[in-house]
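Pasted below: my_file.cif, mmCIF, C-alpha atoms.
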```
data_protein
loop_
_atom_site.label_atom_id
_atom_site.label_comp_id
_atom_site.auth_asym_id
_atom_site.auth_seq_id
_atom_site.Cartn_x
_atom_site.Cartn_y
_atom_site.Cartn_z
CA MET A 1 18.97 -6.46 41.14
CA THR A 2 16.56 -3.93 42.63
CA ASN A 3 12.88 -4.78 42.38
CA TYR A 4 10.87 -1.63 41.55
CA THR A 5 7.14 -0.96 41.73
CA LYS A 6 5.54 2.29 40.58
CA ILE A 7 2.13 3.44 41.79
CA TYR A 8 0.90 6.35 39.69
CA ASN A 9 -2.22 8.40 39.03
CA ALA A 10 -2.69 8.43 42.79
CA ASN A 11 -4.09 10.74 45.47
CA ILE A 12 -1.36 10.09 48.02
CA ILE A 13 -1.92 10.68 51.74
CA THR A 14 1.24 12.03 53.38
CA PRO A 15 1.96 13.72 56.74
CA ALA A 16 1.91 17.07 54.90
CA GLY A 17 -1.44 16.41 53.23
CA PHE A 18 -2.57 15.11 49.85
CA VAL A 19 -0.27 14.74 46.86
CA LYS A 20 -2.66 14.94 43.91
CA ASP A 21 -1.91 12.99 40.75
CA GLY A 22 1.07 11.58 42.61
CA THR A 23 3.58 8.82 41.98
CA LEU A 24 5.13 6.55 44.58
CA ILE A 25 8.14 4.36 43.89
CA ILE A 26 8.87 1.20 45.88
CA ALA A 27 12.35 -0.30 45.78
CA ASP A 28 13.02 -3.62 47.55
CA GLY A 29 10.19 -3.18 50.00
CA LYS A 30 10.91 0.45 50.92
CA ILE A 31 9.50 3.76 49.72
CA ALA A 32 12.17 5.16 47.40
CA GLU A 33 10.45 8.24 45.97
CA LEU A 34 7.19 10.12 46.28
CA GLY A 35 5.97 13.18 44.41
CA THR A 36 3.98 14.62 41.52
CA LYS A 37 6.51 13.74 38.87
CA ASN A 38 5.65 10.61 36.87
CA ILE A 39 9.05 8.97 37.16
CA ALA A 40 10.05 6.62 34.37
CA ILE A 41 11.69 3.43 35.65
CA ALA A 42 12.61 0.61 33.32
CA ASN A 43 11.22 -2.83 34.17
CA ALA A 44 9.14 -1.52 37.07
CA ASN A 45 5.90 -3.24 38.02
CA GLU A 46 3.23 -0.58 37.57
CA ILE A 47 -0.04 -0.01 39.41
CA ASP A 48 -2.49 2.56 38.07
CA ALA A 49 -4.31 3.89 41.15
CA GLN A 50 -6.98 5.41 38.88
CA GLY A 51 -7.20 8.51 41.02
CA MET A 52 -7.90 6.58 44.21
CA TYR A 53 -6.31 7.27 47.58
CA VAL A 54 -2.91 5.77 48.35
CA SER A 55 -2.54 5.63 52.12
CA PRO A 56 -0.20 4.27 54.76
CA GLY A 57 -1.37 0.78 55.70
CA PHE A 58 -3.62 0.44 58.71
CA ILE A 59 -2.06 -0.78 61.96
CA ASP A 60 -4.40 -2.74 64.25
CA MET A 61 -2.83 -2.83 67.71
CA HIS A 62 -5.61 -4.94 69.27
CA VAL A 63 -7.06 -7.90 67.37
CA HIS A 64 -8.05 -11.41 68.50
CA GLY A 65 -9.05 -13.07 65.26
CA GLY A 66 -10.94 -13.03 61.98
CA GLY A 67 -11.97 -15.22 59.09
CA GLY A 68 -13.24 -17.94 61.44
CA HIS A 69 -9.98 -18.17 63.39
CA ASP A 70 -8.71 -16.89 66.74
CA PHE A 71 -5.11 -16.53 67.89
CA MET A 72 -6.06 -18.54 70.99
CA ASP A 73 -6.77 -21.54 68.75
CA ASN A 74 -3.00 -21.91 69.10
CA THR A 75 -2.30 -23.13 65.59
CA ILE A 76 -0.01 -21.69 62.94
CA GLU A 77 -2.91 -21.99 60.49
CA ALA A 78 -5.04 -19.67 62.66
CA PHE A 79 -2.33 -17.02 62.93
CA LEU A 80 -1.73 -16.94 59.19
CA ALA A 81 -5.45 -16.97 58.34
CA VAL A 82 -6.17 -13.99 60.62
CA ALA A 83 -3.31 -12.05 59.02
CA LYS A 84 -4.65 -12.76 55.53
CA THR A 85 -8.24 -11.93 56.49
CA HIS A 86 -7.44 -8.47 57.87
CA ALA A 87 -5.14 -7.65 54.95
CA LYS A 88 -8.23 -7.75 52.73
CA TYR A 89 -9.54 -4.75 54.65
CA GLY A 90 -6.40 -2.60 54.55
CA THR A 91 -4.52 -3.81 57.62
CA THR A 92 -0.81 -4.12 56.91
CA ALA A 93 0.36 -4.68 60.50
CA LEU A 94 -1.43 -6.13 63.49
CA MET A 95 -0.82 -7.14 67.09
CA PRO A 96 -2.15 -10.61 67.96
CA THR A 97 -4.02 -10.34 71.26
CA THR A 98 -4.71 -13.01 73.88
CA LEU A 99 -7.55 -13.47 76.36
CA SER A 100 -7.41 -14.39 80.05
CA CYS A 101 -6.37 -18.02 80.19
CA GLU A 102 -4.22 -20.57 82.00
CA LYS A 103 -0.52 -19.81 81.99
CA GLU A 104 0.30 -22.94 79.98
CA ASP A 105 -2.11 -21.93 77.21
CA LEU A 106 -0.52 -18.49 77.09
CA LEU A 107 2.97 -19.97 76.83
CA THR A 108 1.74 -22.11 73.92
CA THR A 109 0.35 -19.02 72.19
CA LEU A 110 3.73 -17.30 72.51
CA ASN A 111 5.45 -20.33 70.99
CA ILE A 112 2.99 -20.48 68.06
CA TYR A 113 3.46 -16.75 67.43
CA GLU A 114 7.21 -17.32 67.01
CA LYS A 115 6.65 -20.04 64.42
CA ALA A 116 3.91 -18.22 62.51
CA ASN A 117 5.81 -14.94 62.48
CA ALA A 118 8.73 -16.61 60.72
CA ILE A 119 6.59 -17.68 57.75
CA ASN A 120 3.95 -14.93 57.59
CA THR A 121 4.39 -13.52 54.08
CA GLU A 122 0.85 -13.42 52.66
CA GLY A 123 -0.96 -11.22 55.16
CA ALA A 124 -0.53 -8.33 57.56
CA ASN A 125 2.76 -8.18 59.48
CA PHE A 126 2.81 -9.22 63.12
CA VAL A 127 4.27 -6.48 65.31
CA GLY A 128 4.40 -8.24 68.67
CA ILE A 129 2.03 -9.89 71.12
CA HIS A 130 -0.55 -8.05 73.24
CA ILE A 131 -1.44 -9.96 76.41
CA GLU A 132 -4.93 -8.93 77.53
CA GLY A 133 -5.43 -10.22 81.07
CA PRO A 134 -5.67 -12.15 83.28
CA TYR A 135 -5.03 -9.36 85.84
CA PHE A 136 -8.46 -7.72 85.73
CA ALA A 137 -11.21 -6.47 88.02
CA MET A 138 -13.90 -9.15 88.17
CA SER A 139 -16.54 -6.40 88.22
CA GLN A 140 -15.37 -5.28 84.76
CA LYS A 141 -14.61 -8.70 83.25
CA GLY A 142 -16.86 -8.15 80.22
CA ALA A 143 -16.60 -11.27 78.05
CA GLN A 144 -13.33 -12.38 79.68
CA ASP A 145 -13.70 -15.84 81.26
CA PRO A 146 -13.99 -15.39 85.06
CA ARG A 147 -12.31 -18.77 85.65
CA TYR A 148 -8.97 -17.25 84.71
CA ILE A 149 -9.13 -13.74 86.19
CA ARG A 150 -6.63 -13.22 89.02
CA ASN A 151 -4.27 -10.71 90.63
CA PRO A 152 -0.74 -10.11 89.33
CA ASP A 153 1.66 -12.87 90.34
CA PRO A 154 5.38 -12.00 89.98
CA ALA A 155 6.39 -15.63 89.54
CA GLU A 156 3.89 -15.98 86.71
CA TYR A 157 4.49 -12.76 84.78
CA GLU A 158 8.27 -13.00 85.10
CA GLU A 159 8.16 -16.51 83.62
CA VAL A 160 5.87 -15.39 80.79
CA LEU A 161 8.03 -12.40 79.86
CA ALA A 162 11.14 -14.56 79.94
CA ALA A 163 9.48 -16.96 77.50
CA SER A 164 9.18 -14.53 74.59
CA LYS A 165 10.91 -11.43 73.25
CA HIS A 166 7.78 -10.65 71.22
CA ILE A 167 5.58 -9.45 74.10
CA LYS A 168 5.21 -5.73 73.40
CA ARG A 169 2.09 -4.84 75.36
CA TRP A 170 0.18 -6.07 78.42
CA SER A 171 -3.24 -4.84 79.60
CA ALA A 172 -4.22 -4.96 83.28
CA ALA A 173 -6.35 -3.27 85.95
CA PRO A 174 -4.20 -0.79 87.92
CA GLU A 175 -6.15 -1.02 91.19
CA LEU A 176 -5.33 -4.67 91.87
CA PRO A 177 -2.81 -5.59 94.58
CA GLY A 178 0.61 -5.90 92.95
CA THR A 179 -0.20 -4.02 89.74
CA ILE A 180 2.17 -1.12 90.47
CA GLU A 181 5.07 -3.58 90.91
CA PHE A 182 3.89 -5.31 87.72
CA GLY A 183 3.93 -1.99 85.86
CA ASN A 184 7.47 -1.29 87.00
CA PHE A 185 8.54 -4.71 85.74
CA LEU A 186 6.91 -4.13 82.36
CA LYS A 187 8.64 -0.78 82.03
CA GLN A 188 12.02 -2.34 82.81
CA ASN A 189 11.37 -4.83 79.99
CA ASN A 190 10.20 -2.20 77.45
CA VAL A 191 6.65 -3.54 77.39
CA LEU A 192 3.79 -1.06 77.01
CA ALA A 193 1.51 -1.22 80.06
CA ALA A 194 -2.16 -0.48 79.33
CA ILE A 195 -5.17 0.03 81.58
CA ALA A 196 -8.09 -2.32 80.95
CA HIS A 197 -11.11 -4.07 82.51
CA THR A 198 -10.91 -1.82 85.53
CA ASP A 199 -12.85 0.02 88.23
CA ALA A 200 -9.90 2.25 89.13
CA ILE A 201 -10.39 5.81 90.37
CA TYR A 202 -8.30 8.82 89.38
CA GLU A 203 -5.89 8.49 92.29
CA GLU A 204 -5.11 4.88 91.34
CA VAL A 205 -4.71 5.78 87.67
CA ILE A 206 -2.18 8.50 88.52
CA LYS A 207 -0.03 6.03 90.45
CA ALA A 208 -0.20 3.57 87.55
CA TYR A 209 0.54 6.25 84.96
CA GLU A 210 3.71 7.20 86.82
CA VAL A 211 5.07 3.63 86.47
CA GLY A 212 4.23 3.30 82.77
CA PHE A 213 0.50 2.68 82.34
CA THR A 214 0.27 5.32 79.61
CA HIS A 215 -2.39 3.75 77.39
CA ALA A 216 -6.09 2.91 77.82
CA THR A 217 -7.33 -0.32 76.23
CA HIS A 218 -10.66 -0.20 74.31
CA PHE A 219 -11.55 3.16 75.85
CA TYR A 220 -14.99 3.26 77.54
CA SER A 221 -15.45 -0.52 77.27
CA CYS A 222 -15.19 -2.35 80.63
CA MET A 223 -13.86 0.81 82.23
CA SER A 224 -14.85 3.02 85.16
CA GLY A 225 -16.32 6.49 84.87
CA VAL A 226 -17.54 8.72 87.67
CA SER A 227 -18.60 6.65 90.70
CA ARG A 228 -19.73 7.22 94.28
CA ARG A 229 -18.08 5.73 97.32
CA ASN A 230 -19.46 6.59 100.77
CA ALA A 231 -21.48 9.38 99.12
CA PHE A 232 -18.38 11.03 97.60
CA ARG A 233 -17.87 11.21 93.85
CA TYR A 234 -14.65 9.95 92.27
CA ALA A 235 -13.33 10.34 88.76
CA GLY A 236 -12.73 7.05 86.96
CA VAL A 237 -10.38 5.88 84.23
CA ILE A 238 -12.37 7.66 81.52
CA GLU A 239 -12.02 11.07 83.19
CA SER A 240 -8.39 10.31 84.04
CA ALA A 241 -7.53 9.64 80.41
CA TYR A 242 -9.06 12.97 79.46
CA LEU A 243 -7.18 14.82 82.21
CA LEU A 244 -3.81 13.22 81.39
CA ASP A 245 -2.93 14.98 78.14
CA ASN A 246 -0.28 12.46 77.11
CA MET A 247 -2.23 9.32 77.91
CA THR A 248 -3.15 7.57 74.68
CA VAL A 249 -6.41 5.73 74.07
CA GLU A 250 -7.71 3.21 71.57
CA ILE A 251 -11.31 2.99 70.42
CA ILE A 252 -13.46 0.34 68.78
CA ALA A 253 -14.99 2.60 66.13
CA ASP A 254 -17.35 -0.06 64.80
CA GLY A 255 -20.36 2.21 65.33
CA VAL A 256 -21.74 -0.21 67.93
CA HIS A 257 -19.40 -0.21 70.93
CA LEU A 258 -19.31 3.60 70.91
CA PRO A 259 -22.08 5.85 69.56
CA ALA A 260 -21.33 8.79 67.31
CA ALA A 261 -21.54 11.29 70.19
CA LEU A 262 -18.78 9.53 72.13
CA LEU A 263 -16.60 9.16 69.03
CA LYS A 264 -16.90 12.93 68.58
CA LEU A 265 -16.12 13.61 72.24
CA ILE A 266 -13.02 11.42 72.23
CA TYR A 267 -11.75 13.06 69.07
CA LYS A 268 -12.48 16.55 70.41
CA ILE A 269 -10.57 15.99 73.66
CA LYS A 270 -7.81 13.49 72.81
CA GLY A 271 -7.36 14.35 69.13
CA ALA A 272 -5.97 12.19 66.33
CA GLU A 273 -2.48 12.28 67.88
CA HIS A 274 -3.57 10.43 71.03
CA THR A 275 -6.32 8.17 69.65
CA ALA A 276 -5.77 4.88 67.83
CA LEU A 277 -8.47 2.97 65.97
CA ILE A 278 -8.66 -0.74 66.79
CA THR A 279 -10.91 -3.54 65.64
CA ASP A 280 -10.65 -5.70 68.80
CA ALA A 281 -11.98 -8.25 66.31
CA MET A 282 -12.75 -11.83 67.25
CA ARG A 283 -13.00 -14.78 64.85
CA GLY A 284 -16.28 -13.49 63.38
CA ALA A 285 -14.63 -10.61 61.52
CA GLY A 286 -15.10 -11.14 57.79
CA MET A 287 -17.63 -13.93 58.48
CA PRO A 288 -21.44 -14.17 58.15
CA GLU A 289 -23.74 -13.58 61.13
CA GLY A 290 -24.71 -16.48 63.39
CA PRO A 291 -23.26 -18.57 66.25
CA SER A 292 -19.53 -18.21 66.92
CA LYS A 293 -17.01 -18.57 69.71
CA LEU A 294 -14.91 -16.00 71.55
CA GLY A 295 -11.44 -17.31 72.33
CA SER A 296 -10.25 -20.79 71.49
CA TYR A 297 -12.47 -23.51 70.11
CA LYS A 298 -11.22 -25.73 72.94
CA ASP A 299 -12.73 -23.77 75.83
CA GLY A 300 -13.91 -20.44 74.44
CA LEU A 301 -17.16 -18.62 75.11
CA ASP A 302 -20.22 -19.25 72.92
CA VAL A 303 -21.42 -16.01 71.31
CA ILE A 304 -23.77 -14.88 68.56
CA ILE A 305 -22.91 -12.42 65.80
CA GLU A 306 -25.67 -10.03 64.81
CA ASP A 307 -26.14 -6.31 64.18
CA GLY A 308 -22.47 -6.02 63.26
CA VAL A 309 -21.17 -7.13 66.66
CA ALA A 310 -20.63 -10.26 68.77
CA LYS A 311 -23.00 -10.66 71.73
CA LEU A 312 -23.37 -13.03 74.65
CA PRO A 313 -26.03 -15.66 73.82
CA ASP A 314 -28.55 -14.01 76.17
CA ARG A 315 -27.81 -10.67 74.46
CA SER A 316 -27.06 -9.06 77.82
CA ALA A 317 -23.71 -7.62 76.68
CA PHE A 318 -21.38 -7.27 73.74
CA ALA A 319 -18.83 -10.08 73.50
CA GLY A 320 -16.38 -8.68 71.00
CA SER A 321 -16.12 -6.81 67.76
CA VAL A 322 -16.31 -8.13 64.23
CA ALA A 323 -15.01 -4.88 62.74
CA THR A 324 -12.35 -4.52 60.08
CA ALA A 325 -10.00 -1.55 59.70
CA ASP A 326 -11.76 -0.06 56.67
CA ARG A 327 -14.98 0.12 58.69
CA LEU A 328 -13.20 2.02 61.48
CA VAL A 329 -11.87 4.69 59.12
CA ARG A 330 -15.20 4.98 57.32
CA ASN A 331 -17.10 5.38 60.60
CA MET A 332 -14.82 8.11 61.93
CA ILE A 333 -15.54 10.09 58.76
CA THR A 334 -19.28 9.43 58.49
CA LEU A 335 -20.25 9.21 62.18
CA ALA A 336 -17.73 11.46 63.93
CA ASP A 337 -17.19 14.08 61.20
CA VAL A 338 -13.42 13.49 61.23
CA SER A 339 -11.41 14.40 58.13
CA LEU A 340 -9.98 11.61 55.99
CA LEU A 341 -6.46 12.74 56.90
CA ASP A 342 -7.11 12.45 60.63
CA ALA A 343 -9.06 9.20 60.32
CA VAL A 344 -6.11 7.65 58.45
CA LYS A 345 -3.70 9.06 61.04
CA MET A 346 -5.68 7.36 63.81
CA ALA A 347 -5.43 4.07 61.92
CA SER A 348 -1.74 4.30 60.99
CA THR A 349 0.55 7.03 62.33
CA THR A 350 -0.82 7.14 65.87
CA PRO A 351 -0.73 3.38 66.57
CA ALA A 352 2.78 3.25 65.08
CA LYS A 353 3.91 5.90 67.57
CA ILE A 354 2.17 4.25 70.51
CA LEU A 355 3.89 0.95 69.66
CA ASN A 356 7.22 2.69 69.04
CA ILE A 357 7.49 1.36 65.47
CA GLU A 358 7.17 4.73 63.74
CA ASP A 359 10.73 4.58 62.38
CA GLY A 360 9.53 2.09 59.76
CA LYS A 361 5.74 2.21 59.69
CA GLY A 362 2.75 4.54 59.89
CA GLU A 363 3.48 7.15 57.20
CA LEU A 364 4.27 7.33 53.51
CA LEU A 365 7.74 8.84 53.58
CA LYS A 366 10.96 8.07 51.73
CA GLY A 367 12.90 5.31 53.46
CA LYS A 368 9.97 3.82 55.35
CA GLU A 369 8.56 0.35 54.75
CA ALA A 370 6.21 0.06 51.79
CA ASP A 371 3.09 -0.81 53.78
CA ILE A 372 0.41 0.74 51.59
CA VAL A 373 -3.32 0.53 51.01
CA ILE A 374 -5.26 1.83 48.00
CA PHE A 375 -8.94 2.65 48.48
CA ASP A 376 -11.78 4.64 46.92
CA GLU A 377 -13.93 7.51 48.26
CA GLU A 378 -16.03 5.07 50.34
CA ILE A 379 -12.90 3.42 51.84
CA ASN A 380 -13.48 0.26 49.82
CA ILE A 381 -10.11 -1.49 49.68
CA GLU A 382 -8.66 -2.02 46.23
CA THR A 383 -5.10 -3.15 47.02
CA THR A 384 -3.06 -3.93 50.14
CA ILE A 385 0.74 -3.94 49.96
CA VAL A 386 2.97 -5.21 52.77
CA ASN A 387 6.74 -4.66 52.57
CA GLY A 388 6.34 -3.88 48.87
CA ASN A 389 4.41 -7.07 48.10
CA VAL A 390 0.76 -7.13 47.07
CA VAL A 391 -1.02 -9.38 49.58
CA TYR A 392 -4.53 -8.47 48.46
CA SER A 393 -6.01 -6.98 45.33
CA LYS A 394 -9.55 -6.81 44.02
CA ASP A 395 -8.11 -7.00 40.53
CA LYS A 396 -5.66 -9.79 41.40
CA ILE A 397 -2.57 -7.66 40.86
CA LYS A 398 0.61 -9.63 41.55
CA ILE A 399 4.06 -8.17 42.12
#
```

Please rewrite the model in this file as C-alpha cells.
Amino acid sequence: MTNYTKIYNANIITPAGFVKDGTLIIADGKIAELGTKNIAIANANEIDAQGMYVSPGFIDMHVHGGGGHDFMDNTIEAFLAVAKTHAKYGTTALMPTTLSCEKEDLLTTLNIYEKANAINTEGANFVGIHIEGPYFAMSQKGAQDPRYIRNPDPAEYEEVLAASKHIKRWSAAPELPGTIEFGNFLKQNNVLAAIAHTDAIYEEVIKAYEVGFTHATHFYSCMSGVSRRNAFRYAGVIESAYLLDNMTVEIIADGVHLPAALLKLIYKIKGAEHTALITDAMRGAGMPEGPSKLGSYKDGLDVIIEDGVAKLPDRSAFAGSVATADRLVRNMITLADVSLLDAVKMASTTPAKILNIEDGKGELLKGKEADIVIFDEEINIETTIVNGNVVYSKDKIKI
C-alpha cells in the first residue's frame, strides 16, 4: 500500500522558480506530484505549510560534527547524533569529513561509517565520506594537527581506498610530491579530488586540474593567493579557481570565515552554479559557547567557541566553524545580496551536482527523493523531511 503525504498551502522552490500556493505530493519517499492544484488524496498525511517556503533539502558536503559530537570520535552514536543535529537546521544529506590522522584511525572511521549508515533513519542522509588530509602543505595546515601531515603515499592511499566503497571525496595539496599520481588514482576510482590546505601556484593548479582536482575545499581558507617568489608574482589557488570557469568551490558562509565583500565577489565570479555552501562544522555546531575540542576526544585539539566560530585557545586563528545550513542560506541573502532562489541552489542543487548525486537529490522535481525543508521568511526551519519521513519538526509532526 502506497504511503502518501501531501504538503499544501506552500510557496514551493523549484528549478523554474516559485510555485505559489502550491501542493507537493510524496509517495513512498519520492516526489509524485507538484503544482498549484490542491490534489485530493484519500488517507494522505497532510502538512499545512501555512504559506511558508518548501525547498529542496540542504546538502552539506563538508561537515565534521555537531551537537557535541565529531565523526572522528569513531562511534556509531557520534555519527547518528551529528546527522540528527544538522537535520534540525534543514540539512537532509551530509558528507562526514575526517581530519588528518593516523591511518589506523582513518580505517576505523570508515568502518564506523559503514555501520552507522546502515541504521541512520532519524537524521540527514550520509552521502559518502570526505577524507580531508593528511596530504597537506605544512605552511597552510590551519587547525589540522601537524603530527599527521605528510606527503601522498601510494601504499597508504591504495589501502585506504580499498577499505571502503563509501569514499567519495579526498582533499589534498596539489603541489606536494606524488599528488599528481594520487589525483590520477582518485580519478580512476571515481573519487572527487579537491584542492585544500595548499600554497600551490597557478601552474601547479593547472596540472592538478587536468588529472581531476576540479574542486576547491573551503575556498579562501588555508589557501594561497598572489605570492612573490624571487621578486616575481605568481597567481595562487584563489586566482586559479576564478580563471578556471568549470572549477567548483565551496564556501563557509558563516559570516566569520569570509566577510560580506568576499561572499559577493565569489558569487559575482563563480555564480550559484559553481559555488556550494558548506558548514565545515565541528562538534560545537548547535552547542553553547565555551571550551570544545576539534577532532576526536581522544587526541583532538582544544579550542574555544565564541563569536559564532571556533578559535585556537590563544585566539590566533579560527579552528573550525560552528555554522548550520540555515545560517549559510540566511547569510548569503542578508550579507551577499543573493536571491533566495540562488542561495537555496548553492545549498542544494549545486552540491548535488558536484557530488554527482543530482539524479535523486538537490531539486524538487517529480521522481526525485523527497528530501524537503520547510522554512519561513527568516530561514527559520519548521520541518525537515528525509526520504519522505519527517525527521524534525518544530510542531512535532510525525509521518

- prompt: Which residues, written as a VMD selection string, have at least one atom at most 12 Å from A:Thr275, with all atoms listed in the file counted and residues fewer than 2 positions away on the same chain left out?
  reply: chain A and resid 61 215 to 219 241 to 242 245 to 253 263 to 273 277 to 278 332 342 to 354

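Minimum distance to A:Leu365 across A:Lys311, A:Lys165, A:Lys30, A:His62 (counting only C-alpha atoms) occurs at A:Lys30.
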
- prompt: Selected by the PyMOL selection byres ((chain A and resi 288) around 12) in the shown coordinates: which residues, as a ChimeraX atom specification?
  reply: /A:66-68,283-287,289-292,304-310,322

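Closest to A:Val191 among A:Phe318, A:Gly295, A:Ser224, A:Leu355 is A:Leu355, based on all atoms listed in the file.
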
field: Polymer residues at most 12 Å from A:Asp145, all atoms listed in the file, same-chain spacing of 4 or more positions, as a PyMOL selection string
entry: chain A and resi 98-102+132-138+140-141+149-150+294-296+299-302+319

task: Might you pull out every residue within 9 Å of A:Tyr234, with all atoms listed in the file counted and same-chain residues fewer than 5 positions away left off, and present them as a list in words?
output: Ile201, Tyr202, Glu203, Gly225, Val226, Ser227, Arg228 and Arg229 of chain A

message: Please determine, counting all atoms listed in the file, which residue among A:Asn184, A:Asn74, A:Lys298, A:Glu46 has the shortest atom-to-atom distance to A:Lys115.
response: A:Asn74

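Nearest residue to A:Gly51, choosing from A:Arg327, A:Lys37, A:Lys20, A:Arg315 and counting all atoms listed in the file: A:Lys20.
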
task: Could you state which residues are captured by the PyMOL selection byres ((chain A and resi 369) around 12) in this file, as a PyMOL selection string?
output: chain A and resi 25-33+56-57+92-93+125+357-368+370-372+385-389

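Counting from atom CA of A:Val237, the distance to atom CA of A:Ser171 is 13.7 Å.
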
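Distance check against A:Ala78 using only C-alpha atoms: of A:Ser221, A:Asn117, A:Asn190, A:Thr5, the minimum falls on A:Asn117.
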
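Closest approach to A:Trp170 among A:Lys207, A:His130, A:Lys187, A:Arg147 is made by A:His130 (distances from only C-alpha atoms).
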
task: On this file, the PyMOL selection byres ((chain A and resi 381) around 12) gives some set of residues; write that set as a PyMOL selection string.
output: chain A and resi 49+52-55+57-58+86-91+324-327+329-330+372-380+382-385+392-395

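Between atom CA of A:Phe232 and atom CA of A:Pro177 lies a distance of 23.0 Å.
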